[in-house]
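**Q** Here it is: the structure, laid out below.
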Amino acid sequence: MNTWREASPTARLLLVAVLFTGLTTFMFLPLLAIELTARGIAAGRTGFLVGLLAFSGQAFSLLTGLLVDRFGAHRVMAAGFLLRVLGYALLGLGGAGAPAPLVAGIVAVGVGGSLLGLSTKTLLVSQEGTDRRTMLALRSTFVNVGVVAGPALGAAVYPLGFGWILAACVLSHLVLGTRLVLRRSVTASRSRAVVGRAAAAPAADGAPTAPWTLRQWLPLCGLGVAYWAIYSQLNVLLPITANAMTGSAAAISVVFTANGLLVVLFQYTLLRHVFRRATARTLLVLGFLAFACAYATLIPLAGWYSLLAFVVPVTLAEMLIGPSLDEQAVNAAATRRTGLALGTMSAAGALGSLFGSSAGGYLLQSARGGSEVWLLLVGSSLAAAAICLLLPKVRTRHV
């Protein structure tokens with residue numbers, strides 16, 4: 001891959017870190033509730049702890065963005081690695097009789113993940129020699145390798161003991177964190193200069209990109225909320241509907257596996273080559289239209305046919321919208337405010353996930369298994385596509 005060879009050594013190391021931290025995270029995450037229950041923790045408390053992990057990873061997005069801009073992405077990243085190592089270690093000590101280490105470990109892993117995710121993303125879009133869209137596409141691809149392979153690897157290791165999974169998490173974060181911190185000590189001055197220029201990169205025509213006003217930011221934040229509210233139905237409405245349509249509890253696993261594989265195989269090619277010259281605004285419009293097509297396939301409730309037809313357009317929406325929202329945010333940011341811009345989009349995502357998850361179950365109950373809920377999602381997706389046209393049309397510079 002030419003882009004991999006052309007990327008800076010720091011960019012390659014960051015992508016390797018994204019790959020292995022994602023892999024170990026998804027080894028650990030799907031088995032957490034099972035392990036907590038096996039330790040004698042009640043189901044209600046287990047649900048609270050799993051929710052606390054998600055909250056800790058999302059609630060501090062804005063603060064993390066401010067920290068990145070104030071203290072530098074490298075320092076925030078180092079703090080994220082340290083918190084995660086500490087958190088995984090504490091999780092190994094906690095149990096029904098020792099809740100304090102468990103709660104502290106959950107919070108440390110969640111907050112550490114927030115620090116890591118935002119700081120590495122900021123550093124990737126700040127690298128010289130490769131445009132932002134390419135870096136965001138590669139990051140998404142590497143994350144999804146972990147999403148696909150991590151649960152299978154975790155299931156294979158779990159019979160040996162949950163401690164082995166925690167040890168793999170600790171080891172990967174220690175090695176990668178140490179390597180990145182050491183590399184930072186060699187390239188610190190150059191990195192600071194690059195990060196400072198990231199938000200002020202010129203557009204494709206060479207003209208400088210002025211920071212957006214609040215009035216321009218509001219539609220983008222609204223789209224971030226809308227994207228995650230619509231996407232969250234894959235975790236709320238779709239599992240219930242898939243089971244009802246097919247009579248198989250494994251149906252949703254087929255959807256997620258196919259979705260992850262398609263992202264790994266086509267995310268980079270799609271954004272780097274097929275839509276190379278398209279603006280981020282255009283990609284957002286196409287993405288929300290793909291969402292509308294995806295949910296429209298569920299209106300007939302035609303069993304496996306509807307479910308399999310759903311996979312391709314919903315994956316296309318995910319591949320186009322997620323990186324494009326971040327790209328628009330970075331293009332819109334004022335100088336030295338890249339972290340805050342990405343943190344704002346993460347916070348919008350957290351709000352959208354909360355709203356979507358809360359509303360999804362209520363909608364399904366109100367519709368009583370009918371097609372009204374899918375019609376509503378189709379309409380919401382089309383409305384979001386229309387809102388995209390309110391965004392300024394800014395092209396990303398391609399190096």
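Here's how to read the names in the structure tokens: chain A, B, ... by the order shown, residue numbers from 1 in each chain, ligand numbers from 1 in the order shown.
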Write out as a ChimeraX atom specification each polymer residue whose atoms come within 8 Å of His173 in chain A, counting only C-alpha atoms; drop sequence neighbours fewer than 5 positions from it.
**A** /A:21,81,84-85
**Q** Could you please take those selected residues and save N, CA and C atoms as a CSV table (one decimal), in the first residue's frame?
**A**
chain,number,residue,atom,x,y,z
A,21,THR,N,-4.6,-1.7,20.3
A,21,THR,CA,-5.4,-1.3,21.5
A,21,THR,C,-6.9,-1.7,21.1
A,81,PHE,N,-2.7,6.0,28.0
A,81,PHE,CA,-2.0,4.7,28.2
A,81,PHE,C,-1.9,4.3,29.7
A,84,ARG,N,-5.2,3.4,31.3
A,84,ARG,CA,-5.7,2.1,30.9
A,84,ARG,C,-4.9,1.0,31.5
A,85,VAL,N,-3.6,1.1,31.6
A,85,VAL,CA,-2.8,0.1,32.3
A,85,VAL,C,-3.3,-0.1,33.7
**Q** Fewer than 3 positions away in the same chain doesn't count, so skip those; otherwise give me all residues within 12 Å of Phe310 in chain A, counting only C-alpha atoms, as a PDB file with N, CA and C atoms, in the first residue's frame.
**A**
ATOM      1  N   LEU A 234     -28.761  -0.134  15.551  1.00  0.00           N
ATOM      2  CA  LEU A 234     -28.155  -1.440  15.296  1.00  0.00           C
ATOM      3  C   LEU A 234     -27.964  -2.221  16.592  1.00  0.00           C
ATOM      4  N   LEU A 238     -32.429  -3.315  16.000  1.00  0.00           N
ATOM      5  CA  LEU A 238     -32.115  -4.367  15.037  1.00  0.00           C
ATOM      6  C   LEU A 238     -31.993  -5.758  15.658  1.00  0.00           C
ATOM      7  N   ALA A 242     -34.308  -8.505  14.165  1.00  0.00           N
ATOM      8  CA  ALA A 242     -33.657  -9.596  13.432  1.00  0.00           C
ATOM      9  C   ALA A 242     -34.086 -10.949  13.984  1.00  0.00           C
ATOM     10  N   ILE A 252     -28.292 -11.362  14.288  1.00  0.00           N
ATOM     11  CA  ILE A 252     -27.616 -10.083  14.476  1.00  0.00           C
ATOM     12  C   ILE A 252     -26.098 -10.248  14.412  1.00  0.00           C
ATOM     13  N   VAL A 254     -24.554 -12.245  12.395  1.00  0.00           N
ATOM     14  CA  VAL A 254     -24.251 -12.266  10.963  1.00  0.00           C
ATOM     15  C   VAL A 254     -24.144 -10.835  10.437  1.00  0.00           C
ATOM     16  N   VAL A 255     -25.068  -9.969  10.864  1.00  0.00           N
ATOM     17  CA  VAL A 255     -25.062  -8.573  10.420  1.00  0.00           C
ATOM     18  C   VAL A 255     -23.784  -7.873  10.859  1.00  0.00           C
ATOM     19  N   PHE A 256     -23.417  -8.021  12.125  1.00  0.00           N
ATOM     20  CA  PHE A 256     -22.243  -7.327  12.643  1.00  0.00           C
ATOM     21  C   PHE A 256     -20.956  -7.861  12.022  1.00  0.00           C
ATOM     22  N   ALA A 258     -20.610  -9.304   8.996  1.00  0.00           N
ATOM     23  CA  ALA A 258     -20.553  -8.829   7.619  1.00  0.00           C
ATOM     24  C   ALA A 258     -20.230  -7.339   7.567  1.00  0.00           C
ATOM     25  N   ASN A 259     -20.818  -6.559   8.473  1.00  0.00           N
ATOM     26  CA  ASN A 259     -20.554  -5.126   8.537  1.00  0.00           C
ATOM     27  C   ASN A 259     -19.078  -4.853   8.802  1.00  0.00           C
ATOM     28  N   ALA A 290     -27.801   6.668   2.131  1.00  0.00           N
ATOM     29  CA  ALA A 290     -27.580   5.219   2.286  1.00  0.00           C
ATOM     30  C   ALA A 290     -28.288   4.695   3.531  1.00  0.00           C
ATOM     31  N   PHE A 291     -28.282   5.477   4.606  1.00  0.00           N
ATOM     32  CA  PHE A 291     -29.044   5.106   5.806  1.00  0.00           C
ATOM     33  C   PHE A 291     -30.528   4.938   5.465  1.00  0.00           C
ATOM     34  N   ALA A 292     -31.062   5.879   4.708  1.00  0.00           N
ATOM     35  CA  ALA A 292     -32.483   5.806   4.330  1.00  0.00           C
ATOM     36  C   ALA A 292     -32.760   4.531   3.540  1.00  0.00           C
ATOM     37  N   CYS A 293     -31.874   4.208   2.606  1.00  0.00           N
ATOM     38  CA  CYS A 293     -32.044   2.971   1.826  1.00  0.00           C
ATOM     39  C   CYS A 293     -31.961   1.739   2.721  1.00  0.00           C
ATOM     40  N   ALA A 294     -31.035   1.770   3.683  1.00  0.00           N
ATOM     41  CA  ALA A 294     -30.854   0.614   4.564  1.00  0.00           C
ATOM     42  C   ALA A 294     -32.120   0.335   5.372  1.00  0.00           C
ATOM     43  N   TYR A 295     -32.644   1.355   6.010  1.00  0.00           N
ATOM     44  CA  TYR A 295     -33.823   1.137   6.854  1.00  0.00           C
ATOM     45  C   TYR A 295     -35.079   0.887   6.013  1.00  0.00           C
ATOM     46  N   ALA A 296     -35.080   1.370   4.751  1.00  0.00           N
ATOM     47  CA  ALA A 296     -36.206   1.082   3.866  1.00  0.00           C
ATOM     48  C   ALA A 296     -36.293  -0.412   3.558  1.00  0.00           C
ATOM     49  N   THR A 297     -35.154  -1.116   3.531  1.00  0.00           N
ATOM     50  CA  THR A 297     -35.192  -2.558   3.250  1.00  0.00           C
ATOM     51  C   THR A 297     -35.889  -3.347   4.350  1.00  0.00           C
ATOM     52  N   LEU A 298     -36.004  -2.743   5.550  1.00  0.00           N
ATOM     53  CA  LEU A 298     -36.645  -3.443   6.665  1.00  0.00           C
ATOM     54  C   LEU A 298     -38.156  -3.222   6.718  1.00  0.00           C
ATOM     55  N   ILE A 299     -38.659  -2.302   5.908  1.00  0.00           N
ATOM     56  CA  ILE A 299     -40.095  -2.010   5.943  1.00  0.00           C
ATOM     57  C   ILE A 299     -40.945  -3.234   5.596  1.00  0.00           C
ATOM     58  N   PRO A 300     -40.559  -4.044   4.584  1.00  0.00           N
ATOM     59  CA  PRO A 300     -41.391  -5.220   4.276  1.00  0.00           C
ATOM     60  C   PRO A 300     -41.317  -6.321   5.337  1.00  0.00           C
ATOM     61  N   LEU A 301     -40.307  -6.249   6.238  1.00  0.00           N
ATOM     62  CA  LEU A 301     -40.118  -7.290   7.258  1.00  0.00           C
ATOM     63  C   LEU A 301     -40.052  -8.675   6.607  1.00  0.00           C
ATOM     64  N   ALA A 302     -39.183  -8.771   5.571  1.00  0.00           N
ATOM     65  CA  ALA A 302     -39.116  -9.979   4.743  1.00  0.00           C
ATOM     66  C   ALA A 302     -38.036 -10.948   5.199  1.00  0.00           C
ATOM     67  N   GLY A 303     -37.866 -11.110   6.497  1.00  0.00           N
ATOM     68  CA  GLY A 303     -36.956 -12.121   7.027  1.00  0.00           C
ATOM     69  C   GLY A 303     -35.513 -11.886   6.639  1.00  0.00           C
ATOM     70  N   TRP A 304     -34.828 -12.970   6.291  1.00  0.00           N
ATOM     71  CA  TRP A 304     -33.412 -12.900   5.936  1.00  0.00           C
ATOM     72  C   TRP A 304     -33.176 -11.997   4.723  1.00  0.00           C
ATOM     73  N   TYR A 305     -34.134 -11.943   3.791  1.00  0.00           N
ATOM     74  CA  TYR A 305     -33.954 -11.098   2.609  1.00  0.00           C
ATOM     75  C   TYR A 305     -33.791  -9.630   3.003  1.00  0.00           C
ATOM     76  N   SER A 306     -34.659  -9.161   3.891  1.00  0.00           N
ATOM     77  CA  SER A 306     -34.548  -7.778   4.360  1.00  0.00           C
ATOM     78  C   SER A 306     -33.252  -7.557   5.126  1.00  0.00           C
ATOM     79  N   LEU A 307     -32.906  -8.513   5.959  1.00  0.00           N
ATOM     80  CA  LEU A 307     -31.732  -8.359   6.817  1.00  0.00           C
ATOM     81  C   LEU A 307     -30.449  -8.307   5.992  1.00  0.00           C
ATOM     82  N   PRO A 313     -26.068  -1.165   2.453  1.00  0.00           N
ATOM     83  CA  PRO A 313     -26.256   0.288   2.576  1.00  0.00           C
ATOM     84  C   PRO A 313     -25.936   0.835   3.965  1.00  0.00           C
ATOM     85  N   VAL A 314     -26.196   0.063   5.032  1.00  0.00           N
ATOM     86  CA  VAL A 314     -25.880   0.585   6.365  1.00  0.00           C
ATOM     87  C   VAL A 314     -24.365   0.648   6.567  1.00  0.00           C
ATOM     88  N   THR A 315     -23.641  -0.295   5.987  1.00  0.00           N
ATOM     89  CA  THR A 315     -22.176  -0.253   6.064  1.00  0.00           C
ATOM     90  C   THR A 315     -21.639   0.912   5.246  1.00  0.00           C
ATOM     91  N   LEU A 316     -22.224   1.150   4.072  1.00  0.00           N
ATOM     92  CA  LEU A 316     -21.818   2.300   3.261  1.00  0.00           C
ATOM     93  C   LEU A 316     -22.034   3.599   4.028  1.00  0.00           C
ATOM     94  N   ALA A 317     -23.172   3.707   4.719  1.00  0.00           N
ATOM     95  CA  ALA A 317     -23.439   4.902   5.525  1.00  0.00           C
ATOM     96  C   ALA A 317     -22.376   5.083   6.600  1.00  0.00           C
ATOM     97  N   TRP A 374     -39.489   1.929  11.070  1.00  0.00           N
ATOM     98  CA  TRP A 374     -38.522   2.002   9.970  1.00  0.00           C
ATOM     99  C   TRP A 374     -38.843   3.179   9.059  1.00  0.00           C
TER     100      TRP A 374
END
**Q** I need the residue nearest Val18 in chain A from this list: A:Thr64, A:Leu49, A:Leu118, A:Leu82. Use only C-alpha atoms for the distance.
**A**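 Smallest separation from Val18 in chain A among the options: A:Leu118.
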**Q** Taking only C-alpha atoms into account, name the residue in A:Ser126, A:Thr141, A:Ser114, A:Asn331 that is nearest to Leu220 in chain A.
**A**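 Closest to Leu220 in chain A, using only C-alpha atoms: A:Asn331.
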**Q** Per residue of range 30-77 of chain A within 6 Å of range 333-342 of chain A, what are the shortest atom pair and its distance in Å to one decimal, counting only C-alpha atoms, with rows by chain and residue number, as a tab-separated table?
**A**
residue	atom	partner	partner_atom	distance
A:Gly65	CA	A:Leu340	CA	4.0
A:Leu66	CA	A:Leu340	CA	5.3
A:Val68	CA	A:Gly339	CA	5.4
A:Asp69	CA	A:Gly339	CA	5.5
**Q** Based on the selection just made, write C-alpha atoms of those residues as a PDB file, in the first residue's frame.
**A**
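Generated file (result31.pdb):
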ATOM      1  CA  GLY A  65     -10.400  17.987  23.521  1.00  0.00           C
ATOM      2  CA  LEU A  66      -9.526  20.998  25.681  1.00  0.00           C
ATOM      3  CA  VAL A  68      -5.305  18.034  23.943  1.00  0.00           C
ATOM      4  CA  ASP A  69      -5.225  21.661  22.813  1.00  0.00           C
TER       5      ASP A  69
END
**Q** Which residues are close to Pro151 in chain A, i.e. within 8 Å by only C-alpha atoms, leaving aside same-chain residues fewer than 3 positions away? Reply as a list in words.
**A** Phe26, Met27, Phe28, Pro30, Val147, Val148, Gly154 and Ala155 of chain A
**Q** Determine the nearest neighbour of Leu136 in chain A from the options A:Pro392, A:Pro9, A:Gly322, A:Gly349, counting only C-alpha atoms.
**A** A:Gly322
**Q** Which distance in Å separates CA of Phe71 in chain A and CA of Ser119 in chain A, to one decimal?
**A**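 According to the coordinates, CA of Phe71 in chain A and CA of Ser119 in chain A are separated by 10.8 Å.
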**Q** Return the single residue from A:Pro101, A:Gly356, A:Gly150, A:Gly22 that is closest to Gln233 in chain A, with distances computed using only C-alpha atoms.
**A**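 Smallest distance to Gln233 in chain A is found for A:Gly356.
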**Q** Given only C-alpha atoms as the basis, pick out the residue of A:Ser380, A:Thr246, A:Thr344, A:Thr120 nearest to Leu289 in chain A.
**A**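 Nearest candidate to Leu289 in chain A out of A:Ser380, A:Thr246, A:Thr344, A:Thr120: A:Ser380.
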